[in-house]
Amino acid sequence: MRWDGQKLGTDDAAALPGLTLAGLQRSVRTPEFAGVTFHEVACKSALNKVPEASQMPFRWTVNPTRGCLHACGYCYARSTHEYLDLDAGRDFETQIVVKTNVVEVLRAELSRRSWTREHVALGTNTDPYQRVEGRYRFMPGIIEALAQSGTPLSILTKGTLLRRDLPLLAEVSRTVPVGIGVSLAIGDETLQQAVEPGTPTPRARLDLIRAIRAAGLPCGVMVAPVLPWLTDDREQLDSLLRDLADAGATGVTVLPLHLRGPVKPLFFAWLAEHAPALVTRYQDLYAKGAYAPREYAAWLDERVRPLLARHGFGGRGGGHRMPGEGSYPTGSIADGGLPVHEPTVAAAQPALF
């Protein structure tokens with residue numbers, strides 16, 4: 001590989017002191033990803049089982065990478081980097097763990113007699129179509145492996161790189177259920193680029209939704225997270241929902257911001273730089289925990305419901321309702337999941353962005 005000469009030795013100042021990752025093969029850099037280190041590991045398992053107590057509409061996930069170049073300031077998955085003895089801030093955005101053998105291991109796991117072809121979700125921890133996918137190209141192999149085994153699959157992403165795989169997804173959808181979700185919560189590009197600096201623009205994601213629908217595939221949209229006093233204005237929400245309807249979204253779920261663990265001080269630091277007048281209000285709103293108070297969720301629900309109905313999402317907006325876990329919009333979860341319910345504003349974000 002072209003990166004062979006860029007392997008980081010233990011004496012390299014760029015290597016992280018004391019970094020111990022199971023199955024670590026090498027740590028590499030490339031000029032295409034300035035300031036980013038990819039830690040290539042050989043994984044022992046590709047399928048991750050969701051805890052039995054979870055009310056998610058799937059029991060299995062696949063995450064080909066850990067850490068995310070999207071660098072969203074509010075991302076709940078930041079805290080999972082601490083399990084690797086990396087920090088939830090800059091390390092999450094620049095120290096990316098890559099499971100180089102994920103496709104081969106997944107094929108082996110799906111071929112076992114014990115595999116019962118339960119629904120598998122992608123995008124539950126970090127985005128499978130972040131820019132690193134353009135380099136490693138895991139997703140075509142993952143999609144093919146799941147489809148060939150008869151396993152329903154769902155994908156949630158902010159990454160427009162998904163367009164590359166639309167012909168493949170359209171093809172496999174003839175034999176297995178496929179759900180696709182796009183996360184788009186901020187219509188204002190200036191704000192979006194400030195809080196989600198590594199993500200495609202709102203316009204690019206709207207074009208992605210159109211392309212997904214043109215390919216004959218469903219596309220539910222997560223308007224998540226709604227940022228109090230930044231993106232919860234009625235006119236902002238109305239404009240975004242109108243754009244989503246025009247793009248052909250099959251469903252919409254609106255979810256307020258939650259700030260779990262180390263993400264809270266990180267996001268407060270972002271506020272101090274970009275919207276200092278809101279710091280005290282956020283501290284008060286999130287004083288009792290990670291989630292916005294139910295009063296705020298109820299207020300947002302009251303604001304959003306008539307807007308959902310106005311733009312045609314009244315009967316097809318919400319998807320899988322799970323108290324404490326959030327909702328999934330119609331189209332984002334492969335058929336055969338939990339029963340569909342009416343649209344709602346959930347009190348919490350799901351474990352998918």
# chains A, B, ... in the order shown; residues from 1 in each chain; ligands from 1

call {"tool": "residues_around", "arguments": {"residues": "Leu191 in chain A", "least_positions_apart": "6", "cutoff": "10 Å", "atoms": "only C-alpha atoms", "output": "JSON, numbers by chain"}}
result
{"A": [197, 230, 231, 274]}

call {"tool": "write_last_selection", "arguments": {"atoms": "all heavy atoms", "output": "PDB file, in the first residue's frame"}}
result
ATOM      1  N   PRO A 197     -18.396  20.491  11.425  1.00  0.00           N
ATOM      2  CA  PRO A 197     -17.448  20.975  10.418  1.00  0.00           C
ATOM      3  C   PRO A 197     -16.997  19.948   9.389  1.00  0.00           C
ATOM      4  O   PRO A 197     -16.531  20.321   8.309  1.00  0.00           O
ATOM      5  CB  PRO A 197     -16.261  21.457  11.257  1.00  0.00           C
ATOM      6  CG  PRO A 197     -16.374  20.720  12.553  1.00  0.00           C
ATOM      7  CD  PRO A 197     -17.842  20.571  12.800  1.00  0.00           C
ATOM      8  N   LEU A 230     -31.194  27.664  19.074  1.00  0.00           N
ATOM      9  CA  LEU A 230     -30.365  27.806  17.877  1.00  0.00           C
ATOM     10  C   LEU A 230     -31.081  27.294  16.632  1.00  0.00           C
ATOM     11  O   LEU A 230     -30.982  27.905  15.568  1.00  0.00           O
ATOM     12  CB  LEU A 230     -29.034  27.053  18.049  1.00  0.00           C
ATOM     13  CG  LEU A 230     -27.996  27.697  18.955  1.00  0.00           C
ATOM     14  CD1 LEU A 230     -26.836  26.726  19.212  1.00  0.00           C
ATOM     15  CD2 LEU A 230     -27.470  29.000  18.344  1.00  0.00           C
ATOM     16  N   THR A 231     -31.806  26.187  16.758  1.00  0.00           N
ATOM     17  CA  THR A 231     -32.487  25.614  15.585  1.00  0.00           C
ATOM     18  C   THR A 231     -33.933  25.235  15.875  1.00  0.00           C
ATOM     19  O   THR A 231     -34.530  24.500  15.093  1.00  0.00           O
ATOM     20  CB  THR A 231     -31.736  24.369  15.062  1.00  0.00           C
ATOM     21  OG1 THR A 231     -31.739  23.338  16.066  1.00  0.00           O
ATOM     22  CG2 THR A 231     -30.301  24.706  14.686  1.00  0.00           C
ATOM     23  N   HIS A 274     -18.989  30.123  20.174  1.00  0.00           N
ATOM     24  CA  HIS A 274     -19.851  30.483  19.050  1.00  0.00           C
ATOM     25  C   HIS A 274     -21.160  31.164  19.456  1.00  0.00           C
ATOM     26  O   HIS A 274     -21.738  31.900  18.649  1.00  0.00           O
ATOM     27  CB  HIS A 274     -20.181  29.228  18.240  1.00  0.00           C
ATOM     28  CG  HIS A 274     -18.990  28.604  17.584  1.00  0.00           C
ATOM     29  ND1 HIS A 274     -18.514  29.023  16.371  1.00  0.00           N
ATOM     30  CD2 HIS A 274     -18.168  27.598  17.993  1.00  0.00           C
ATOM     31  CE1 HIS A 274     -17.446  28.290  16.030  1.00  0.00           C
ATOM     32  NE2 HIS A 274     -17.214  27.432  17.000  1.00  0.00           N
TER      33      HIS A 274
END

call {"tool": "select_by_dssp", "arguments": {"residues": "range 181-338 of chain A", "states": "strand (DSSP E or B)", "output": "PyMOL selection string"}}
result
chain A and resi 181-183+220-226+251-256+258+291+322+326

call {"tool": "closest_residue", "arguments": {"among": "A:Gln236, A:Leu217, A:Val279, A:His81", "to": "Arg174 in chain A", "atoms": "only C-alpha atoms"}}
result
A:Leu217

call {"tool": "residues_around", "arguments": {"residues": "Ser45 in chain A", "least_positions_apart": "3", "cutoff": "9 Å", "atoms": "only C-alpha atoms", "output": "VMD selection string"}}
result
chain A and resid 48 102 105 to 106 109

call {"tool": "write_last_selection", "arguments": {"atoms": "N, CA and C atoms", "output": "PDB file, in the first residue's frame"}}
result
ATOM      1  N   ASN A  48     -21.848  -6.731  16.460  1.00  0.00           N
ATOM      2  CA  ASN A  48     -21.966  -6.313  17.852  1.00  0.00           C
ATOM      3  C   ASN A  48     -23.403  -6.501  18.301  1.00  0.00           C
ATOM      4  N   VAL A 102     -12.859  -6.258   8.529  1.00  0.00           N
ATOM      5  CA  VAL A 102     -14.255  -6.335   8.965  1.00  0.00           C
ATOM      6  C   VAL A 102     -15.130  -7.107   7.989  1.00  0.00           C
ATOM      7  N   VAL A 105     -14.392 -10.975   8.333  1.00  0.00           N
ATOM      8  CA  VAL A 105     -14.907 -11.494   9.603  1.00  0.00           C
ATOM      9  C   VAL A 105     -16.426 -11.533   9.584  1.00  0.00           C
ATOM     10  N   LEU A 106     -17.054 -10.508   9.013  1.00  0.00           N
ATOM     11  CA  LEU A 106     -18.509 -10.480   8.930  1.00  0.00           C
ATOM     12  C   LEU A 106     -19.029 -11.643   8.100  1.00  0.00           C
ATOM     13  N   GLU A 109     -18.974 -14.753  10.163  1.00  0.00           N
ATOM     14  CA  GLU A 109     -20.001 -14.781  11.210  1.00  0.00           C
ATOM     15  C   GLU A 109     -21.389 -15.036  10.627  1.00  0.00           C
TER      16      GLU A 109
END

call {"tool": "residues_around", "arguments": {"residues": "Gly73 in chain A", "least_positions_apart": "6", "cutoff": "7 Å", "atoms": "only C-alpha atoms", "output": "list in words"}}
result
Val195, Glu196 and Phe267 of chain A

call {"tool": "residues_around", "arguments": {"residues": "Leu168 in chain A", "least_positions_apart": "5", "cutoff": "9 Å", "atoms": "only C-alpha atoms", "output": "short mmCIF file (atom, residue, chain, number, x, y, z; two decimals) with C-alpha atoms, in the first residue's frame"}}
result
data_model
loop_
_atom_site.label_atom_id
_atom_site.label_comp_id
_atom_site.auth_asym_id
_atom_site.auth_seq_id
_atom_site.Cartn_x
_atom_site.Cartn_y
_atom_site.Cartn_z
CA PRO A 140 -19.88 -2.53 -0.58
CA ILE A 143 -23.76 -4.72 2.13
CA GLU A 144 -23.09 -7.70 -0.13
CA SER A 173 -33.30 -4.45 -1.82
#

call {"tool": "select_by_dssp", "arguments": {"residues": "range 109-149 of chain A", "states": "alpha helix (DSSP H)", "output": "PyMOL selection string"}}
result
chain A and resi 109-110+132-136+139-148

call {"tool": "write_last_selection", "arguments": {"atoms": "N, CA, C and O atoms", "output": "PDB file, in the first residue's frame"}}
result
ATOM      1  N   GLU A 109     -18.974 -14.753  10.163  1.00  0.00           N
ATOM      2  CA  GLU A 109     -20.001 -14.781  11.210  1.00  0.00           C
ATOM      3  C   GLU A 109     -21.389 -15.036  10.627  1.00  0.00           C
ATOM      4  O   GLU A 109     -22.211 -15.745  11.218  1.00  0.00           O
ATOM      5  N   LEU A 110     -21.673 -14.457   9.464  1.00  0.00           N
ATOM      6  CA  LEU A 110     -22.978 -14.638   8.842  1.00  0.00           C
ATOM      7  C   LEU A 110     -23.170 -16.041   8.285  1.00  0.00           C
ATOM      8  O   LEU A 110     -24.314 -16.474   8.052  1.00  0.00           O
ATOM      9  N   VAL A 132     -13.467   8.515   5.550  1.00  0.00           N
ATOM     10  CA  VAL A 132     -12.534   7.388   5.578  1.00  0.00           C
ATOM     11  C   VAL A 132     -13.032   6.225   4.718  1.00  0.00           C
ATOM     12  O   VAL A 132     -12.235   5.451   4.180  1.00  0.00           O
ATOM     13  N   GLU A 133     -14.343   6.117   4.529  1.00  0.00           N
ATOM     14  CA  GLU A 133     -14.899   5.044   3.692  1.00  0.00           C
ATOM     15  C   GLU A 133     -14.435   5.181   2.246  1.00  0.00           C
ATOM     16  O   GLU A 133     -14.285   4.168   1.535  1.00  0.00           O
ATOM     17  N   GLY A 134     -14.171   6.389   1.805  1.00  0.00           N
ATOM     18  CA  GLY A 134     -13.662   6.575   0.457  1.00  0.00           C
ATOM     19  C   GLY A 134     -12.294   5.954   0.257  1.00  0.00           C
ATOM     20  O   GLY A 134     -11.923   5.578  -0.861  1.00  0.00           O
ATOM     21  N   ARG A 135     -11.530   5.828   1.335  1.00  0.00           N
ATOM     22  CA  ARG A 135     -10.208   5.219   1.272  1.00  0.00           C
ATOM     23  C   ARG A 135     -10.277   3.700   1.419  1.00  0.00           C
ATOM     24  O   ARG A 135      -9.663   2.954   0.651  1.00  0.00           O
ATOM     25  N   TYR A 136     -11.047   3.210   2.393  1.00  0.00           N
ATOM     26  CA  TYR A 136     -11.029   1.786   2.712  1.00  0.00           C
ATOM     27  C   TYR A 136     -12.106   0.970   1.999  1.00  0.00           C
ATOM     28  O   TYR A 136     -11.988  -0.237   1.884  1.00  0.00           O
ATOM     29  N   MET A 139     -17.963  -0.580   2.820  1.00  0.00           N
ATOM     30  CA  MET A 139     -19.410  -0.722   2.760  1.00  0.00           C
ATOM     31  C   MET A 139     -19.920  -1.629   1.636  1.00  0.00           C
ATOM     32  O   MET A 139     -20.861  -2.404   1.859  1.00  0.00           O
ATOM     33  N   PRO A 140     -19.378  -1.600   0.427  1.00  0.00           N
ATOM     34  CA  PRO A 140     -19.884  -2.532  -0.580  1.00  0.00           C
ATOM     35  C   PRO A 140     -19.775  -3.989  -0.132  1.00  0.00           C
ATOM     36  O   PRO A 140     -20.720  -4.780  -0.304  1.00  0.00           O
ATOM     37  N   GLY A 141     -18.651  -4.340   0.470  1.00  0.00           N
ATOM     38  CA  GLY A 141     -18.480  -5.707   0.940  1.00  0.00           C
ATOM     39  C   GLY A 141     -19.419  -6.045   2.086  1.00  0.00           C
ATOM     40  O   GLY A 141     -19.946  -7.164   2.164  1.00  0.00           O
ATOM     41  N   ILE A 142     -19.636  -5.083   2.988  1.00  0.00           N
ATOM     42  CA  ILE A 142     -20.546  -5.303   4.111  1.00  0.00           C
ATOM     43  C   ILE A 142     -21.975  -5.490   3.606  1.00  0.00           C
ATOM     44  O   ILE A 142     -22.696  -6.411   4.033  1.00  0.00           O
ATOM     45  N   ILE A 143     -22.404  -4.626   2.692  1.00  0.00           N
ATOM     46  CA  ILE A 143     -23.756  -4.720   2.134  1.00  0.00           C
ATOM     47  C   ILE A 143     -23.947  -6.057   1.421  1.00  0.00           C
ATOM     48  O   ILE A 143     -24.962  -6.743   1.606  1.00  0.00           O
ATOM     49  N   GLU A 144     -22.982  -6.436   0.599  1.00  0.00           N
ATOM     50  CA  GLU A 144     -23.085  -7.700  -0.133  1.00  0.00           C
ATOM     51  C   GLU A 144     -23.121  -8.886   0.815  1.00  0.00           C
ATOM     52  O   GLU A 144     -23.904  -9.827   0.618  1.00  0.00           O
ATOM     53  N   ALA A 145     -22.295  -8.867   1.850  1.00  0.00           N
ATOM     54  CA  ALA A 145     -22.270  -9.973   2.803  1.00  0.00           C
ATOM     55  C   ALA A 145     -23.618 -10.126   3.502  1.00  0.00           C
ATOM     56  O   ALA A 145     -24.138 -11.246   3.653  1.00  0.00           O
ATOM     57  N   LEU A 146     -24.190  -9.018   3.936  1.00  0.00           N
ATOM     58  CA  LEU A 146     -25.489  -9.075   4.613  1.00  0.00           C
ATOM     59  C   LEU A 146     -26.569  -9.562   3.658  1.00  0.00           C
ATOM     60  O   LEU A 146     -27.373 -10.448   3.997  1.00  0.00           O
ATOM     61  N   ALA A 147     -26.601  -9.012   2.458  1.00  0.00           N
ATOM     62  CA  ALA A 147     -27.641  -9.389   1.498  1.00  0.00           C
ATOM     63  C   ALA A 147     -27.519 -10.843   1.089  1.00  0.00           C
ATOM     64  O   ALA A 147     -28.521 -11.570   1.001  1.00  0.00           O
ATOM     65  N   GLN A 148     -26.320 -11.311   0.818  1.00  0.00           N
ATOM     66  CA  GLN A 148     -26.130 -12.694   0.394  1.00  0.00           C
ATOM     67  C   GLN A 148     -26.512 -13.702   1.468  1.00  0.00           C
ATOM     68  O   GLN A 148     -26.876 -14.835   1.161  1.00  0.00           O
TER      69      GLN A 148
END
